[in-house]
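*Asks:* The following block contains the structure, expressed as structure tokens.
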Amino acid sequence: MANGNQSLSRGLAILSQVELSKEPLGVREIGRRLDISPTIVQRLIHTLVDEGFLIQEPTSQRYALGYRALSLGSSVRDENNLVATANAVLNDLADTATVNCYLAVIAAEQLVYVLTIQSPGPIAIKVQAGRVASFHSTAMGKALLASLPADRSKKLLSREPLTKKTDRTCVDPDDLISEIVEARQTGFALSRGENLVGVDSVAAVVRDSAGQPVAAISAAFAPSLQPDVNLAHLIRQVSDAARDISRELGCPEETLSTFHPVYEVSSDVA
């Protein structure tokens, strides 16, 4: 068997083992199941993670199916429609507002980047599709949690350690729940230097043809380098972009009309 074919075969075997397992798997466990050395398994897993087919859980360091692997299933048509629609809308937003834009979904109970768009602005935040993000420190994570039933939000929030990404990251569960409740009321979520130092972001939820939340979009900028970016105006732009994507996915107008984002933002948070 040619070397490339052997690597492909082993990579597919790894994906199959992870798919069949009820729990995320570690490198050694995968190696034992397939009778492959851990070194080879680790090398192949790195490639699968980089391509978005596997994701690594932050607490256990074990591996689960990533967004790209999940999208190869029965929902591939809908997911591709989501990405294609969001790509057009977010590219326009990135150019118009000079902000970096992102699309994320919940996959394998984790927040996963699906699309990242670099703006012509002064900051570069390069995140590959398939990478895992934190619910508690990102605007997209908080927006999605706010769109879900309270019990599921708490469950998702409790699956990962509430680590300090920056000195502004909120790690108090009660305070985070309060933020999520506020995001549910306002229709958008914020992260102000909580995930990356000096970077603020705004997020809103995207809904499908059944009116259910399927993703979140966000726009990120650096206030110190981009003083002309008006946060209240950006909130409106992101909210409008999320509604445009939702409409393209078939979300009924009567569903969208029940969500009225509040565009005012408190000025006491720097």
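So you can find residues: chains in the structure tokens are A, B, ... in the order shown, residues in each start at 1, and ligands are numbered from 1 in order.
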Find the residues near Ile55 in chain A: any atom within 8 Å, counting only C-alpha atoms, skip ones fewer than 3 places away on the same chain, and give them as a list in words.
*Replies:*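 Answer for this query is Val49, Gly52, Tyr63, Ala64, Leu65, Gly66, Gly130, Arg131 and Val132 of chain A.
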*Asks:* Using only C-alpha atoms, determine which residues lie at most 12 Å from Leu15 in chain A, disregarding the query and same-chain residues fewer than 4 positions distant; provide the list as a PDB file with C-alpha atoms, in the first residue's frame.
*Replies:*
ATOM      1  CA  LEU A   8      -5.564   8.158   4.480  1.00  0.00           C
ATOM      2  CA  SER A   9      -6.771   4.723   5.549  1.00  0.00           C
ATOM      3  CA  ARG A  10      -5.484   5.216   9.076  1.00  0.00           C
ATOM      4  CA  GLY A  11      -6.986   8.707   9.273  1.00  0.00           C
ATOM      5  CA  GLU A  19     -17.512   8.342  15.781  1.00  0.00           C
ATOM      6  CA  LEU A  20     -18.350   4.922  17.254  1.00  0.00           C
ATOM      7  CA  SER A  21     -17.224   5.855  20.753  1.00  0.00           C
ATOM      8  CA  PRO A  24     -14.066  11.313  23.466  1.00  0.00           C
ATOM      9  CA  LEU A  25     -10.963   9.181  22.980  1.00  0.00           C
ATOM     10  CA  ILE A  30      -7.127   4.994  19.700  1.00  0.00           C
ATOM     11  CA  LEU A  34      -6.289   0.190  15.836  1.00  0.00           C
ATOM     12  CA  VAL A  41      -1.853   8.357  15.871  1.00  0.00           C
ATOM     13  CA  LEU A  44      -2.571  11.899  12.096  1.00  0.00           C
ATOM     14  CA  ILE A  45      -4.749  13.487  14.773  1.00  0.00           C
ATOM     15  CA  THR A  47      -3.770  16.826  10.760  1.00  0.00           C
ATOM     16  CA  LEU A  48      -7.410  15.952  11.446  1.00  0.00           C
ATOM     17  CA  VAL A  49      -7.638  18.707  14.081  1.00  0.00           C
ATOM     18  CA  GLY A  52     -11.534  20.586  11.493  1.00  0.00           C
ATOM     19  CA  PHE A  53     -12.432  16.881  11.425  1.00  0.00           C
ATOM     20  CA  LEU A  54     -11.528  16.389  15.097  1.00  0.00           C
ATOM     21  CA  ILE A  55     -11.607  18.702  18.090  1.00  0.00           C
ATOM     22  CA  TYR A  63     -10.704  13.962  20.918  1.00  0.00           C
ATOM     23  CA  ALA A  64     -14.225  14.148  19.517  1.00  0.00           C
ATOM     24  CA  LEU A  65     -15.632  14.690  16.039  1.00  0.00           C
ATOM     25  CA  GLY A  66     -15.144  18.202  14.729  1.00  0.00           C
ATOM     26  CA  ARG A  68     -16.295  19.262   9.313  1.00  0.00           C
ATOM     27  CA  ALA A  69     -16.792  15.603  10.161  1.00  0.00           C
ATOM     28  CA  LEU A  70     -20.238  16.272  11.567  1.00  0.00           C
ATOM     29  CA  LEU A  72     -20.517  15.277   6.290  1.00  0.00           C
TER      30      LEU A  72
END
*Asks:* Apply DSSP to the structure's backbone, then extract all residues of range 72-136 of chain A labelled strand (DSSP E) and return them as JSON, numbers by chain.
*Replies:* {"A": [100, 101, 102, 103, 104, 105, 106, 107, 110, 111, 112, 113, 114, 115, 116, 117, 132, 133]}
*Asks:* Using only C-alpha atoms, which of the listed residues (A:Lys142, A:Ala220, A:Ala150, A:Phe135) sits closest to Leu162 in chain A?
*Replies:*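 Of all the options, A:Phe135 lies closest to Leu162 in chain A.
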*Asks:* How would you write, as a ChimeraX atom specification, the set of residues in range 211-243 of chain A that DSSP gives as helix (DSSP H, G or I)?
*Replies:* /A:231-243
*Asks:* For a quick check of understanding, using only C-alpha atoms, which of A:Gly250, A:Gly211, A:Pro58, A:Gly141 has the smallest distance to Thr163 in chain A?
*Replies:*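 Of all the options, A:Pro58 lies closest to Thr163 in chain A.
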*Asks:* Please, what distance in Å, to one decimal, runs between CA of Ile217 in chain A and CA of Ser191 in chain A?
*Replies:*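 Spanning CA of Ile217 in chain A to CA of Ser191 in chain A is a straight-line distance of 12.8 Å.
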*Asks:* My list of candidates is A:Gln128, A:Ser147, A:Ser153, A:Gln212. Which is closest to Ile177 in chain A when distances are computed with only C-alpha atoms?
*Replies:*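 Ranked by minimum distance to Ile177 in chain A, first place goes to A:Ser153.
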*Asks:* Between CA of Asp35 in chain A and CA of Glu23 in chain A, measure the distance and give it in Å to one decimal.
*Replies:*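 According to the coordinates, CA of Asp35 in chain A and CA of Glu23 in chain A are separated by 19.5 Å.
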*Asks:* Could you give me, as JSON lines, a per-residue list for range 111-189 of chain A showing, wherever an atom lies at most 10 Å from an atom of range 229-235 of chain A, the closest pair of atoms and their distance in Å to one decimal, using only C-alpha atoms and sorting by chain then residue number from low to high?
*Replies:*
{"residue": "A:Gly187", "atom": "CA", "partner": "A:Ile235", "partner_atom": "CA", "distance": 9.6}
{"residue": "A:Phe188", "atom": "CA", "partner": "A:Ile235", "partner_atom": "CA", "distance": 7.3}
{"residue": "A:Ala189", "atom": "CA", "partner": "A:Ile235", "partner_atom": "CA", "distance": 8.9}
*Asks:* Any idea what's packed within 8 Å of Gly121 in chain A, counting only C-alpha atoms, ignoring anything in its chain fewer than 5 positions away? Could you give it as a PyMOL selection string?
*Replies:* chain A and resi 98-100
*Asks:* Hey, can you spit out that residue selection with C-alpha atoms as a PDB file, in the first residue's frame?
*Replies:*
ATOM      1  CA  THR A  98     -13.554  47.094   9.059  1.00  0.00           C
ATOM      2  CA  VAL A  99     -13.947  44.323  11.613  1.00  0.00           C
ATOM      3  CA  ASN A 100     -13.021  40.648  11.701  1.00  0.00           C
TER       4      ASN A 100
END
*Asks:* What separation in Å, quoted to one decimal, exists between CA of Asn91 in chain A and CA of Ser218 in chain A?
*Replies:* 12.0 Å
*Asks:* Can you tell me, as number ranges by chain, what residues are no more than 9 Å from Leu157 in chain A when counting only C-alpha atoms, ignoring any on the same chain fewer than 5 positions away?
*Replies:* A: 134-136, 145, 152, 162, 173
*Asks:* For range 239-246 of chain A, list every protein, DNA or RNA residue within 8 Å, evaluated using only C-alpha atoms, and leave out those in the same chain fewer than 2 positions away; present the list as a list of chain:residue names.
*Replies:*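 Using only C-alpha atoms, the neighbours found are A:Leu82, A:Thr85, A:Ala86, A:Val89, A:Leu90, A:Leu93, A:Gly187, A:Phe188, A:Ala203, A:Ala204, A:Val205, A:Val206, A:Arg207, A:Asp208, A:Ser209, A:Ala216, A:Ile217, A:Ile235, A:Arg236, A:Gln237, A:Glu248, A:Leu249, A:Gly250, A:Cys251, A:Leu256, A:Pro261.
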